[in-house]
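Here is the structure we will look at.
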Amino acid sequence: MSADNEFTGQKKNERERAVLLTGHTPVDINSLHRQQAEARLLKNTPLLSEEVAALSPEATRYLLHELGVHQIELEMQNEELRESQLALDAARERYFDLYDLAPVGYFAMSEHGIIRQANLTAASLFGLVRSALLNQPLSHRILNEDQDIYYLHRKRLIEGGEMQSFELRMMKDGGTPFWVHLTMTMAHDADGALELRVVLDDISERVLLRQNLQTKNAELERAIIVADKANQAKSDFLSSMSHELRTPLHAILGFGQLLKGDSVAGTTAGSPLPTLEQNQSIDQILKAGWHLLELINEILDLSVIEAGKIVLSMEAVSLQEIILDCESMAEPMAQQRNIAIIFPTEKIPCFVQSDRIRLKQVLINLISNAIKYNKQGGTVSVTYRLISTERVRISVKDSGEGLSHDKLTQLFQPFNRLGQESLREEGTGIGLVVCKKLIELMDGAIGVESTSGHGAVFWIELNLVKN
């Protein structure tokens, strides 16, 4: 028989003997004695000796056993209470460490703004010990100019109960002002009294950066205004000078053409015919004159666009007709340079929203560039295709030297010819800039795809006209 079974049998025999001797079950004895003990405790009278003597040995052993069990239970409960108390003390210590060493200041104030509690961070922000802050109004640490901000938000918090967040200036112990961000909430303490809880964050560096940024922005705005005025003055000057230069230039070109015409016709009104050298000089005058006129026209276009004075006549333009016009204008130049130029053969009706004259100007510029900067006996291809139900792309592809990545990043910069100045090809470096601005004014886009040594593809995109 096991020890447990032996103990259980022994307890059973003790219970049976207790019933035989006393006439009551152990539970009844326990209940009876508990009631008597409680009654005696109430009367604060000790247990009579004759009552103790009346208990049988079995009943006494049983009661002692129960008392031992209850004692062990009490010891276990006391141990659990001690462990809970230690854990509570450790948690309280951690809480106060977090509270005191938090990166922001904490205050607990009365309804009238008297500081009741403060953490160490709050005290260090003011350069004080904690005790110097307690039982003092928070308003004593606020700059006089910002007192109204504090009182206004405190009043809103008390009346509405909504969290308040605001910035103001406070003073350190020596009177040095610094910027803080305050967040105020409301609660009730253990006694039910209203308590204001404040989180204080030093934002002096942030405010300084913000003020510097505002200063820089103001300076930048002034610089932009000055630059805009200078740019406007430049545009006005270029526009005026372009008009002034075109008048005598037209006269030079006119007389040059007359001389050339007379030389070709063999009539010089009694004067001797120009010599071969003189004819070459006339050709050079005309060539330089037309180049100068092209330069003046491009400068005039750019200045008018930058001044915002250009007026576009937007309408539904037949892309097929525009390309046919460009073909007739570009063919002579292509034949002169032995360049094969290919235009679309399919007559696909397509209408774009644009200015007819300006669109033709852009396409002629792109095609003439493809011809000028092509290789001898090269090709130029002009195509267009729909890239969506609302957009069409027109591409001009050449077989020239192409553009490197560095040169692609410099495209569309005024007067930048991408290193072509030393070549025989004349140019101004303005044409692509004007093209880009005109296309963008027509709500379009312009771009280029190229690899050095494999030609380039310049393209423009425009909106289709519905119906």
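Ligands are numbered from 1 in the order shown, chains are lettered A, B, ... in the order of the structure tokens, and residues start at 1 in each chain.
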
Compile the contact shell of Val380 of chain A as a VMD selection string: residues with an atom at most 9 Å away, counting only C-alpha atoms, same-chain residues fewer than 5 positions apart removed.
-> chain A and resid 334 339 to 343 367 370 to 371 374 396 to 399

As a ChimeraX atom specification, which residues of segment 93-282 of chain A does DSSP assign to alpha helix (DSSP H)?
-> /A:93-100,120-125,130-133,147-160,204-265,276-282

If we count only C-alpha atoms, what is near His140 of chain A at a cut-off of 12 Å, once residues fewer than 5 positions away on the same chain are taken out, given as a PyMOL selection string?
-> chain A and resi 113-115+126+132-135+146-147+150+169-173+175

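Take the candidates A:Glu321, A:Leu462, A:Leu408, A:Glu162 and check each one against Ser395 of chain A using only C-alpha atoms; the shortest distance goes to A:Leu462.
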
All strand (DSSP E or B) residues (DSSP, backbone) inside segment 214-414 of chain A, as a PyMOL selection string | chain A and resi 314-318+340-342+351-355+379-386+391-398

Quick one: residues within 8 Å of Val199 of chain A, only C-alpha atoms counted, chain neighbours fewer than 5 positions away excluded, as a ChimeraX atom specification?
-> /A:104-107,182-184

Output file for the residues above (N, CA and C atoms, as a tab-separated table (two decimals), in the first residue's frame):
chain	number	residue	atom	x	y	z
A	104	VAL	N	11.51	64.84	-22.74
A	104	VAL	CA	10.68	66.05	-22.67
A	104	VAL	C	10.31	66.30	-21.22
A	105	GLY	N	9.92	67.55	-20.95
A	105	GLY	CA	9.51	67.89	-19.59
A	105	GLY	C	8.05	67.56	-19.35
A	106	TYR	N	7.75	67.13	-18.09
A	106	TYR	CA	6.38	66.84	-17.69
A	106	TYR	C	6.02	67.68	-16.48
A	107	PHE	N	4.79	68.23	-16.50
A	107	PHE	CA	4.25	68.95	-15.36
A	107	PHE	C	2.88	68.41	-15.03
A	182	LEU	N	4.23	73.30	-26.16
A	182	LEU	CA	3.46	72.79	-25.03
A	182	LEU	C	2.26	71.99	-25.52
A	183	THR	N	2.04	70.86	-24.89
A	183	THR	CA	0.83	70.06	-25.12
A	183	THR	C	0.13	69.89	-23.77
A	184	MET	N	-1.12	70.35	-23.67
A	184	MET	CA	-1.84	70.34	-22.40
A	184	MET	C	-3.07	69.44	-22.51

Can you pull out every residue within 10 Å of segment 385-390 of chain A, counting only C-alpha atoms, but drop anything in the same chain fewer than 5 positions away, and send it as a PyMOL selection string?
-> chain A and resi 348+350+352+395+461-466

Output C-alpha atoms for every residue in that selection, as a compact mmCIF listing (two decimals), in the first residue's frame.
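The resulting out_13.txt:
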# COMPACT_ATOMS: atom_id res chain seq x y z
CA ILE A 348 -3.83 58.96 -92.83
CA CYS A 350 -5.05 63.17 -88.50
CA VAL A 352 -3.95 68.05 -83.98
CA SER A 395 9.36 61.72 -85.19
CA GLU A 461 3.76 64.94 -79.12
CA LEU A 462 0.50 66.85 -79.60
CA ASN A 463 -3.12 66.40 -78.60
CA LEU A 464 -5.50 64.97 -81.16
CA VAL A 465 -8.68 66.82 -82.06
CA LYS A 466 -11.72 64.66 -81.30

For Ile357 of chain A, which residue out of A:Glu75, A:Asp406, A:Glu315, A:Asp189 is the nearest one, using only C-alpha atoms?
->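 Of the candidates, the smallest distance to Ile357 of chain A is held by A:Glu315.
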
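What separates atom CA of Pro414 of chain A from atom CA of Ile310 of chain A is a distance of 18.1 Å.
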
Hey, what's within 9 Å of Ser404 of chain A if we count only C-alpha atoms and toss same-chain stuff fewer than 3 positions away? As a PyMOL selection string, please?
-> chain A and resi 407-409+450-453

Hey, which bits of segment 180-259 of chain A sit within 10 Å of segment 118-124 of chain A, and for each residue what's the closest pair of atoms and how far apart in Å (one decimal), counting only C-alpha atoms, rows by chain and increasing number, as CSV?
residue,atom,partner,partner_atom,distance
A:Arg197,CA,A:Ala118,CA,10.0
A:Val198,CA,A:Ala118,CA,9.4
A:Val199,CA,A:Ala122,CA,9.0
A:Leu200,CA,A:Ala122,CA,7.3
A:Asp201,CA,A:Ala122,CA,8.9
A:Asp202,CA,A:Ala122,CA,9.8

Could you please take those selected residues and save N, CA and C atoms as an mmCIF file, in the first residue's frame?
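The resulting file, part00.cif, is shown below:
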data_model
loop_
_atom_site.group_PDB
_atom_site.id
_atom_site.type_symbol
_atom_site.label_atom_id
_atom_site.label_comp_id
_atom_site.auth_asym_id
_atom_site.auth_seq_id
_atom_site.Cartn_x
_atom_site.Cartn_y
_atom_site.Cartn_z
ATOM 1 N N ARG A 197 -2.215 68.435 -17.163
ATOM 2 C CA ARG A 197 -0.962 67.750 -17.446
ATOM 3 C C ARG A 197 -0.321 68.369 -18.685
ATOM 4 N N VAL A 198 0.958 68.703 -18.544
ATOM 5 C CA VAL A 198 1.654 69.480 -19.575
ATOM 6 C C VAL A 198 2.904 68.726 -20.027
ATOM 7 N N VAL A 199 3.076 68.629 -21.340
ATOM 8 C CA VAL A 199 4.312 68.105 -21.942
ATOM 9 C C VAL A 199 5.031 69.278 -22.589
ATOM 10 N N LEU A 200 6.295 69.458 -22.213
ATOM 11 C CA LEU A 200 7.074 70.618 -22.660
ATOM 12 C C LEU A 200 8.277 70.129 -23.452
ATOM 13 N N ASP A 201 8.445 70.665 -24.669
ATOM 14 C CA ASP A 201 9.542 70.253 -25.546
ATOM 15 C C ASP A 201 10.298 71.489 -26.009
ATOM 16 N N ASP A 202 11.607 71.492 -25.826
ATOM 17 C CA ASP A 202 12.448 72.612 -26.253
ATOM 18 C C ASP A 202 12.615 72.556 -27.774
#
